[in-house]
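Student: File work_35.tsv follows (TSV, C-alpha atoms):
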chain	number	residue	atom	x	y	z
H	1	MET	CA	15.47	-15.14	72.11
H	2	PHE	CA	14.30	-17.27	69.28
H	3	ARG	CA	13.33	-14.35	67.08
H	4	LYS	CA	16.55	-12.45	67.46
H	5	LYS	CA	18.51	-15.46	66.47
H	6	GLY	CA	16.49	-15.76	63.27
H	7	SER	CA	17.08	-12.17	62.22
H	8	LYS	CA	20.76	-12.42	62.91
H	9	SER	CA	21.20	-15.24	60.45
H	10	LEU	CA	19.44	-13.34	57.65
H	11	PRO	CA	22.01	-12.97	54.84
H	12	ALA	CA	22.65	-9.66	53.07
H	13	VAL	CA	20.97	-9.17	49.71
H	14	SER	CA	23.32	-10.41	47.07
H	15	THR	CA	24.64	-7.67	44.80
H	16	ALA	CA	26.51	-10.05	42.58
H	17	SER	CA	24.18	-9.42	39.64
H	18	LEU	CA	24.46	-5.66	39.92
H	19	PRO	CA	27.44	-5.41	37.54
H	20	ASP	CA	25.51	-7.42	34.95
H	21	ILE	CA	22.58	-5.06	35.09
H	22	VAL	CA	24.82	-2.02	34.90
H	23	PHE	CA	26.72	-3.51	31.99
H	24	MET	CA	23.49	-4.11	30.16
H	25	LEU	CA	22.53	-0.47	30.53
H	26	LEU	CA	26.05	0.55	29.60
H	27	PHE	CA	25.95	-1.36	26.34
H	28	PHE	CA	22.56	0.08	25.50
H	29	PHE	CA	23.82	3.62	25.88
H	30	MET	CA	27.09	2.88	24.12
H	31	VAL	CA	25.24	1.58	21.09
H	32	SER	CA	22.65	4.34	21.00
H	33	THR	CA	25.07	7.19	21.60
H	34	LYS	CA	25.85	9.43	18.72
H	35	MET	CA	28.67	11.82	19.45
H	36	LYS	CA	28.34	15.39	18.38
H	37	GLU	CA	30.52	15.72	15.33
H	38	ILE	CA	31.02	19.42	15.09
H	39	THR	CA	31.10	22.38	17.39
H	40	LEU	CA	28.55	25.01	16.61
H	41	LYS	CA	29.90	28.44	15.84
H	42	VAL	CA	26.49	29.98	15.33
H	43	GLU	CA	23.48	30.10	17.59
H	44	VAL	CA	20.52	28.19	16.22
H	45	LYS	CA	17.11	28.23	17.83
H	46	LYS	CA	14.87	26.19	15.60
H	47	PRO	CA	11.37	27.36	14.74
H	48	ASN	CA	8.35	25.26	15.67
H	49	ALA	CA	6.37	23.34	13.10
H	50	SER	CA	3.65	20.78	13.72
H	51	ALA	CA	3.82	19.29	10.24
H	52	ALA	CA	7.54	18.51	10.44
H	53	ALA	CA	8.45	14.98	9.44
H	54	LYS	CA	11.31	12.85	10.67
H	55	LEU	CA	14.46	12.83	8.59
H	56	GLU	CA	15.33	9.35	7.45
H	57	ASP	CA	18.75	7.88	6.82
H	58	GLU	CA	21.23	10.09	8.61
H	59	SER	CA	24.18	9.23	6.42
H	60	LEU	CA	22.49	11.04	3.55
H	61	VAL	CA	21.71	14.17	5.56
H	62	LYS	CA	24.16	17.06	5.45
H	63	THR	CA	23.65	20.14	7.55
H	64	VAL	CA	23.97	23.83	6.85
H	65	TYR	CA	23.71	26.11	9.88
H	66	ILE	CA	22.68	29.73	9.68
H	67	GLY	CA	22.53	32.08	12.63
H	68	LYS	CA	24.30	34.73	14.63
H	69	PRO	CA	27.85	33.85	15.70
H	70	THR	CA	28.05	32.58	19.27
H	71	ALA	CA	28.86	35.00	22.07
H	72	GLU	CA	32.58	34.15	22.11
H	73	LEU	CA	32.95	34.70	18.38
H	74	ARG	CA	30.95	37.87	18.19
H	75	ALA	CA	33.91	40.16	18.68
H	76	GLN	CA	35.58	38.57	15.69
H	77	PHE	CA	32.66	38.03	13.33
H	78	GLY	CA	30.04	40.57	14.39
H	79	THR	CA	26.37	39.89	15.00
H	80	GLU	CA	25.14	39.49	11.45
H	81	PRO	CA	23.84	35.97	10.68
H	82	ARG	CA	26.50	33.74	9.17
H	83	ILE	CA	26.54	30.39	7.41
H	84	GLN	CA	28.40	27.50	8.99
H	85	LEU	CA	29.53	24.62	6.78
H	86	ASN	CA	31.12	21.65	8.51
H	87	ASP	CA	33.45	23.26	11.05
H	88	VAL	CA	33.98	26.69	9.57
H	89	LEU	CA	32.03	29.86	9.07
H	90	ALA	CA	31.58	30.55	5.38
H	91	ASN	CA	32.68	33.91	4.08
H	92	ASP	CA	30.25	33.86	1.23
H	93	VAL	CA	27.40	31.73	-0.12
H	94	SER	CA	29.67	30.61	-2.94
H	95	ASP	CA	31.53	28.47	-0.36
H	96	LEU	CA	28.52	26.16	-0.59
H	97	ASP	CA	29.68	24.90	-3.99
H	98	ALA	CA	32.80	23.26	-2.61
H	99	ALA	CA	31.03	21.98	0.50
H	100	VAL	CA	28.25	20.33	-1.52
H	101	GLN	CA	30.89	18.77	-3.76
H	102	ASP	CA	32.67	17.35	-0.70
H	103	TRP	CA	29.44	16.00	0.73
H	104	ARG	CA	28.60	14.32	-2.56
H	105	ASN	CA	31.96	12.59	-2.56
H	106	GLU	CA	31.33	11.23	0.92
H	107	ILE	CA	28.23	9.42	-0.30
H	108	ASN	CA	28.45	6.41	-2.57
H	109	GLU	CA	27.44	7.04	-6.13
H	110	ALA	CA	24.14	5.20	-6.17
H	111	GLU	CA	22.68	7.30	-3.41
H	112	ARG	CA	24.01	10.75	-4.29
H	113	LEU	CA	20.69	11.95	-5.62
H	114	LYS	CA	19.06	11.17	-2.30
H	115	MET	CA	21.30	13.58	-0.40
H	116	THR	CA	19.26	15.91	1.75
H	117	ILE	CA	20.50	19.31	2.85
H	118	ASN	CA	19.23	19.97	6.33
H	119	LEU	CA	18.88	23.70	6.87
H	120	LYS	CA	19.23	24.47	10.55
H	121	ILE	CA	18.36	28.12	10.64
H	122	ASP	CA	17.82	30.38	13.61
H	123	LYS	CA	14.28	31.65	13.75
H	124	GLU	CA	15.38	35.28	14.11
H	125	THR	CA	17.19	35.15	10.78
H	126	LYS	CA	15.86	37.24	7.91
H	127	MET	CA	14.81	35.54	4.68
H	128	GLY	CA	17.45	37.32	2.60
H	129	ILE	CA	20.36	35.06	3.52
H	130	VAL	CA	18.10	31.99	3.48
H	131	THR	CA	17.08	32.73	-0.09
H	132	ASP	CA	20.68	33.27	-1.14
H	133	VAL	CA	21.52	29.82	0.21
H	134	LYS	CA	18.52	28.21	-1.49
H	135	ASP	CA	19.39	29.83	-4.81
H	136	ARG	CA	22.95	28.60	-4.50
H	137	LEU	CA	21.73	25.08	-3.74
H	138	ARG	CA	19.58	25.20	-6.85
H	139	GLU	CA	22.62	26.36	-8.77
H	140	VAL	CA	24.64	23.29	-7.70
H	141	ASN	CA	21.65	21.00	-8.15
H	142	ALA	CA	21.28	19.98	-4.50
H	143	LEU	CA	17.52	20.08	-4.52
H	144	LYS	CA	16.36	17.99	-1.60
H	145	ILE	CA	16.17	20.22	1.42
H	146	SER	CA	14.61	20.16	4.85
H	147	TYR	CA	13.81	23.13	7.02
H	148	SER	CA	14.86	21.81	10.40
H	149	SER	CA	12.29	22.55	13.06
H	150	MET	CA	11.05	21.44	16.43
H	151	LYS	CA	8.18	19.03	16.20
H	152	ALA	CA	5.45	20.91	18.04
H	153	LYS	CA	1.98	19.75	18.92
H	154	GLU	CA	-0.82	21.64	17.23
F	1	MET	CA	50.74	-31.33	52.16
F	2	ALA	CA	51.71	-27.81	52.96
F	3	ARG	CA	51.84	-26.64	49.35
F	4	GLN	CA	48.45	-27.91	48.38
F	5	LYS	CA	47.00	-26.18	51.32
F	6	LYS	CA	48.46	-22.86	50.15
F	7	LYS	CA	47.10	-23.26	46.62
F	8	ARG	CA	43.67	-23.77	47.96
F	9	GLU	CA	43.82	-20.50	49.80
F	10	VAL	CA	44.43	-18.42	46.64
F	11	GLN	CA	41.37	-16.26	46.35
F	12	GLU	CA	39.44	-15.06	43.31
F	13	ILE	CA	40.20	-11.59	42.05
F	14	ASN	CA	37.91	-9.20	43.81
F	15	ALA	CA	35.34	-8.06	41.28
F	16	SER	CA	33.32	-5.79	43.49
F	17	SER	CA	34.86	-2.66	41.94
F	18	MET	CA	33.69	-3.80	38.52
F	19	ALA	CA	30.30	-2.33	39.24
F	20	ASP	CA	31.86	1.02	40.10
F	21	ILE	CA	33.81	1.12	36.87
F	22	ALA	CA	30.75	0.17	34.87
F	23	PHE	CA	28.74	2.83	36.65
F	24	LEU	CA	31.32	5.44	35.78
F	25	LEU	CA	31.18	4.52	32.10
F	26	LEU	CA	27.41	4.35	32.25
F	27	VAL	CA	27.17	7.86	33.64
F	28	PHE	CA	29.54	9.13	30.96
F	29	PHE	CA	27.41	7.70	28.16
F	30	LEU	CA	24.20	8.82	29.82
F	31	VAL	CA	25.45	12.38	29.86
F	32	THR	CA	26.82	12.41	26.32
F	33	THR	CA	23.87	10.68	24.69
F	34	THR	CA	21.56	12.87	22.68
F	35	PHE	CA	18.38	11.39	21.32
F	36	ASP	CA	17.50	14.27	19.08
F	37	SER	CA	16.42	12.78	15.83
F	38	ASP	CA	15.95	15.56	13.36
F	39	TYR	CA	12.57	16.79	12.31
F	40	GLY	CA	11.95	19.16	9.47
F	41	ILE	CA	9.65	20.33	6.73
F	42	GLN	CA	10.98	18.56	3.68
F	43	ARG	CA	10.82	20.23	0.33
F	44	ARG	CA	12.25	19.87	-3.12
F	45	LEU	CA	13.66	22.96	-4.77
F	46	PRO	CA	12.65	23.50	-8.38
F	47	GLU	CA	15.33	22.56	-10.85
F	48	LYS	CA	17.27	25.33	-12.48
F	49	PRO	CA	15.76	25.89	-15.92
F	50	PRO	CA	18.18	25.64	-18.84
F	51	SER	CA	19.11	29.06	-20.12
F	52	ASP	CA	17.69	28.52	-23.60
F	53	GLN	CA	14.29	27.49	-22.33
F	54	PRO	CA	11.50	29.92	-23.18
F	55	PRO	CA	9.71	31.40	-20.17
F	56	PRO	CA	6.79	29.26	-19.03
F	57	PRO	CA	3.36	30.30	-20.21
F	58	PRO	CA	1.53	32.56	-17.79
F	59	ILE	CA	-0.76	30.80	-15.33
F	60	ASN	CA	-4.42	31.65	-15.30
F	61	ARG	CA	-5.14	34.00	-12.40
F	62	ARG	CA	-7.76	31.70	-10.89
F	63	ASN	CA	-5.14	28.99	-10.49
F	64	ILE	CA	-2.87	31.08	-8.30
F	65	PHE	CA	-3.28	31.33	-4.56
F	66	LEU	CA	-1.07	34.25	-3.72
F	67	ILE	CA	0.42	34.55	-0.25
F	68	LEU	CA	2.57	37.56	0.40
F	69	VAL	CA	4.53	38.09	3.59
F	70	ASN	CA	6.08	41.51	3.79
F	71	SER	CA	9.07	42.83	5.70
F	72	LYS	CA	6.94	43.47	8.79
F	73	ASP	CA	5.80	39.83	8.80
F	74	GLU	CA	2.29	40.82	7.77
F	75	MET	CA	0.54	38.29	5.59
F	76	TYR	CA	-1.63	39.08	2.61
F	77	VAL	CA	-3.71	36.40	0.92
F	78	ASN	CA	-4.78	37.24	-2.61
F	79	GLY	CA	-4.28	40.91	-1.87
F	80	GLU	CA	-6.20	41.01	1.39
F	81	VAL	CA	-4.95	40.83	4.96
F	82	GLY	CA	-4.81	37.15	5.81
F	83	ASP	CA	-5.26	35.19	9.02
F	84	ILE	CA	-2.82	32.35	9.65
F	85	ASN	CA	-5.51	30.39	11.50
F	86	LEU	CA	-7.81	30.38	8.49
F	87	LEU	CA	-5.10	29.82	5.91
F	88	LYS	CA	-5.15	26.03	6.09
F	89	GLU	CA	-8.85	25.72	5.25
F	90	GLU	CA	-8.51	28.35	2.53
F	91	VAL	CA	-5.68	26.47	0.86
F	92	LYS	CA	-7.52	23.16	1.11
F	93	ASN	CA	-10.64	24.71	-0.36
F	94	PHE	CA	-8.63	26.36	-3.12
F	95	ILE	CA	-6.96	23.12	-4.21
F	96	LEU	CA	-9.98	20.88	-3.78
F	97	ASN	CA	-12.57	23.32	-5.10
F	98	PRO	CA	-15.50	21.01	-4.28
F	99	THR	CA	-18.15	23.31	-5.71
F	100	ASN	CA	-16.20	24.06	-8.92
F	101	ASP	CA	-16.13	27.73	-8.04
F	102	GLU	CA	-15.02	29.91	-10.95
F	103	THR	CA	-12.61	31.86	-8.75
F	104	LEU	CA	-10.83	28.83	-7.32
F	105	SER	CA	-8.41	26.45	-9.01
F	106	ALA	CA	-9.40	24.63	-12.18
F	107	LYS	CA	-8.92	20.91	-12.64
F	108	LYS	CA	-7.34	19.09	-15.50
F	109	GLU	CA	-7.91	15.54	-16.62
F	110	VAL	CA	-4.81	13.40	-16.45
F	111	VAL	CA	-4.58	9.93	-17.91
F	112	SER	CA	-2.72	8.11	-15.19
F	113	GLU	CA	-0.88	4.86	-15.63
F	114	LYS	CA	-0.60	4.36	-11.90
F	115	TRP	CA	-4.30	4.74	-11.33
F	116	GLY	CA	-5.21	3.01	-14.57
F	117	LYS	CA	-7.84	5.63	-15.30
F	118	THR	CA	-8.34	9.32	-15.89
F	119	ILE	CA	-8.06	11.38	-12.74
F	120	LEU	CA	-8.76	15.00	-11.98
F	121	VAL	CA	-5.77	16.96	-10.79
F	122	SER	CA	-6.00	20.52	-9.56
F	123	LYS	CA	-4.08	23.08	-11.58
F	124	GLY	CA	-3.81	25.28	-8.52
F	125	VAL	CA	-0.46	26.68	-7.47
F	126	VAL	CA	0.18	28.21	-4.09
F	127	SER	CA	2.57	31.07	-4.61
F	128	LEU	CA	4.49	32.16	-1.54
F	129	GLN	CA	6.25	35.48	-1.82
F	130	THR	CA	8.48	36.83	0.88
F	131	ASP	CA	10.58	39.89	1.38
F	132	ARG	CA	14.30	39.79	2.16
F	133	ASN	CA	13.43	41.17	5.58
F	134	THR	CA	10.71	38.68	6.40
F	135	SER	CA	11.70	36.67	9.46
F	136	TYR	CA	12.48	33.00	9.01
F	137	ASN	CA	10.15	32.17	11.88
F	138	ARG	CA	7.17	33.65	10.05
F	139	TYR	CA	8.20	31.92	6.84
F	140	ILE	CA	8.28	28.53	8.55
F	141	GLU	CA	4.96	29.29	10.19
F	142	VAL	CA	3.38	29.76	6.77
F	143	GLN	CA	5.25	26.80	5.26
F	144	ASN	CA	4.04	24.68	8.14
F	145	VAL	CA	0.42	25.59	7.44
F	146	LEU	CA	0.88	24.80	3.76
F	147	ALA	CA	2.48	21.46	4.61
F	148	ALA	CA	-0.37	20.68	6.99
F	149	ALA	CA	-2.97	21.63	4.36
F	150	PHE	CA	-1.47	19.40	1.69
F	151	ASN	CA	-1.00	16.63	4.21
F	152	ASP	CA	-4.67	16.83	5.12
F	153	LEU	CA	-5.69	16.63	1.48
F	154	LYS	CA	-3.48	13.60	0.95
F	155	ASN	CA	-4.77	11.96	4.09
F	156	ASP	CA	-8.38	12.50	3.04
F	157	LEU	CA	-7.75	11.00	-0.38
F	158	ALA	CA	-5.79	8.06	1.00
F	159	LEU	CA	-8.49	7.34	3.56
F	160	SER	CA	-11.28	7.37	1.01
F	161	GLU	CA	-9.34	5.33	-1.57
F	162	PHE	CA	-7.26	2.92	0.46
F	163	LYS	CA	-8.85	3.06	3.94
F	164	THR	CA	-5.44	3.97	5.33
F	165	SER	CA	-4.10	7.41	6.10
F	166	TYR	CA	-1.29	8.83	3.98
F	167	ASP	CA	1.06	8.95	6.96
F	168	GLU	CA	0.50	5.27	7.65
F	169	LEU	CA	0.99	4.40	4.00
F	170	LYS	CA	4.25	6.29	4.01
F	171	GLU	CA	5.43	4.49	7.12
F	172	MET	CA	4.53	1.15	5.61
F	173	ALA	CA	6.38	2.13	2.42
F	174	THR	CA	9.59	2.88	4.31
F	175	LYS	CA	9.34	-0.59	5.82
F	176	GLY	CA	9.36	-2.07	2.34
F	177	ASN	CA	5.67	-2.58	1.65
F	178	VAL	CA	5.43	-2.44	-2.15
F	179	LYS	CA	1.66	-1.99	-2.27
F	180	ALA	CA	1.84	0.91	0.16
F	181	LYS	CA	4.57	2.54	-1.89
F	182	GLU	CA	2.42	2.31	-5.00
F	183	ASN	CA	-0.44	3.91	-3.15
F	184	VAL	CA	1.77	6.72	-1.88
F	185	GLU	CA	2.81	7.43	-5.46
F	186	LYS	CA	-0.82	7.39	-6.55
F	187	VAL	CA	-1.75	9.96	-3.92
F	188	ASP	CA	1.27	12.08	-4.79
F	189	GLU	CA	0.20	12.11	-8.41
F	190	ALA	CA	-3.36	13.10	-7.63
F	191	ILE	CA	-2.33	15.85	-5.24
F	192	PRO	CA	1.02	17.32	-6.25
F	193	LEU	CA	2.71	19.59	-3.76
F	194	SER	CA	2.38	22.69	-5.90
F	195	ILE	CA	4.04	25.46	-3.98
F	196	SER	CA	5.94	28.07	-5.89
F	197	GLU	CA	8.30	30.48	-4.22
F	198	ALA	CA	9.17	33.71	-5.90
F	199	THR	CA	12.54	35.21	-5.19
F	200	PRO	CA	12.12	37.69	-2.35
F	201	ARG	CA	11.89	41.26	-3.40
F	202	LYS	CA	14.29	43.85	-2.13
F	203	SER	CA	12.99	45.50	1.00
F	204	GLY	CA	10.86	48.53	0.39
F	205	SER	CA	10.25	47.91	-3.29
Using structure tokens, write down the structure that the file contains.

Tutor:
Amino acid sequence: MFRKKGSKSLPAVSTASLPDIVFMLLFFFMVSTKMKEITLKVEVKKPNASAAAKLEDESLVKTVYIGKPTAELRAQFGTEPRIQLNDVLANDVSDLDAAVQDWRNEINEAERLKMTINLKIDKETKMGIVTDVKDRLREVNALKISYSSMKAKE
Amino acid sequence: MARQKKKREVQEINASSMADIAFLLLVFFLVTTTFDSDYGIQRRLPEKPPSDQPPPPPINRRNIFLILVNSKDEMYVNGEVGDINLLKEEVKNFILNPTNDETLSAKKEVVSEKWGKTILVSKGVVSLQTDRNTSYNRYIEVQNVLAAAFNDLKNDLALSEFKTSYDELKEMATKGNVKAKENVEKVDEAIPLSISEATPRKSGS
């Protein structure tokens, strides 16, 4: 029949442009991806805060983690909250001195004063250890801090 | 000729698997991508005073707004049990003191270069005292309210003076707007973020 003939000659939808589209998406994600730099050794559940502001300029932000050691490390380190600096658990708050010094050296001289210490602290932590860290930061003159928190709606 | 015929028959490299490869990479990046930009309450710690500096003069009692959070996470405002929901308005009222109440913060006259005139700045200090056993969650909850209160004050001032909210001014300033940056500094001078944190007391004392 006439109709059947027409439908038979209908060509398949061209998928030639599919790779282009996929590549476009691929490049977008490649550019926007930021790999996780360190493995967390402590559990951190951030508190909620509606007035939290976005941290600018990530190269100037250095992070201190405080929380209970993760489940795998609990046998070794116990359940008391610990401080994690870079990739290691600190034994004592005084380890902050060396870490802050290292961080300063990573930043070029003109911008050193703008360095922000991002405190990622588990919300179950007691204030004692937090205050020790803050006092130590004052001691080494790293004064810009940020209490990392989830941006919650009011 | 026979040879030319053969050359003509050489096909293009099949590129149909290109899409599959790209998809594979795409999925990998999709999974590993994290869009978590960090948010936080940003503060500046007070500088360490030089050891030979005499202790600062005592602050007049009316200029202190005392918040105490004890080891059981209970909050006391100026010695009485406080409510976190009312705290924001109380702090705003304390700093602003619109009726010049004798029990709320006093104001001092400051000759400001930025403003080009004399402005009134509150002498009020919000003092936040915690215990070593106070939970961090509660601490941030209170800090958040304080941040919101000061933000509100700054927003109100910016709106009445520059017809733009403080948040917008700040955003414009980060984009390099010089005028906005000046205005941000003006607001910061008129309403300093005066929060003082005492070292937590030992539990039980």

Student: Between H:Val130, H:Leu143, H:Met115, H:Leu10, which is the closest to Ile66 (chain H) once you count all atoms listed in the file?

Tutor: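 Comparing H:Val130, H:Leu143, H:Met115, H:Leu10 against Ile66 (chain H), the winner is H:Val130.
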
Student: Have a look at CA of Lys45 (chain H) and CA of Lys123 (chain H) and let me know their distance in Å, one decimal.

Tutor: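 These atoms are spaced 6.0 Å apart.
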
Student: Starting from chain H, keep only residues with some atom at most 6 Å from an atom of chain F, counting all atoms listed in the file, and report them as a ChimeraX atom specification.

Tutor: /H:19,26,29,33,47,49,51-55,123,125-128,143-149

Student: What is the distance, in Å and to one decimal place, between CA of Ala180 (chain F) and CA of Thr164 (chain F)?

Tutor: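 About the pair CA of Ala180 (chain F) and CA of Thr164 (chain F): they are 9.4 Å apart.
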
Student: Using Å and a single decimal, report how far CA of Thr116 (chain H) sits from CA of Leu60 (chain H).

Tutor: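 If I compute the distance from CA of Leu60 (chain H) to CA of Thr116 (chain H), I get 6.1 Å.
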
Student: Choose the residue, out of F:Ile13, F:Leu157, F:Ala106, F:Ile64, that has the smallest atom-to-atom separation from Val121 (chain F); count all atoms listed in the file.

Tutor: F:Ala106

Student: In terms of the shortest atom-to-atom distance over only C-alpha atoms, which of F:Arg62, F:Asn177, F:Leu169, F:Ser196 is closest to Glu102 (chain F)?

Tutor: F:Arg62

Student: I'd like the neighbourhood of region 88-92 of chain F as a PyMOL selection string, where a residue qualifies if any of its atoms comes within 12 Å (using all atoms listed in the file), though same-chain residues fewer than 3 positions away should be ignored.

Tutor: (chain H and resi 51) or (chain F and resi 63-67+77-78+82-85+95-98+104-105+122+124-128+141-156+191+193-195)
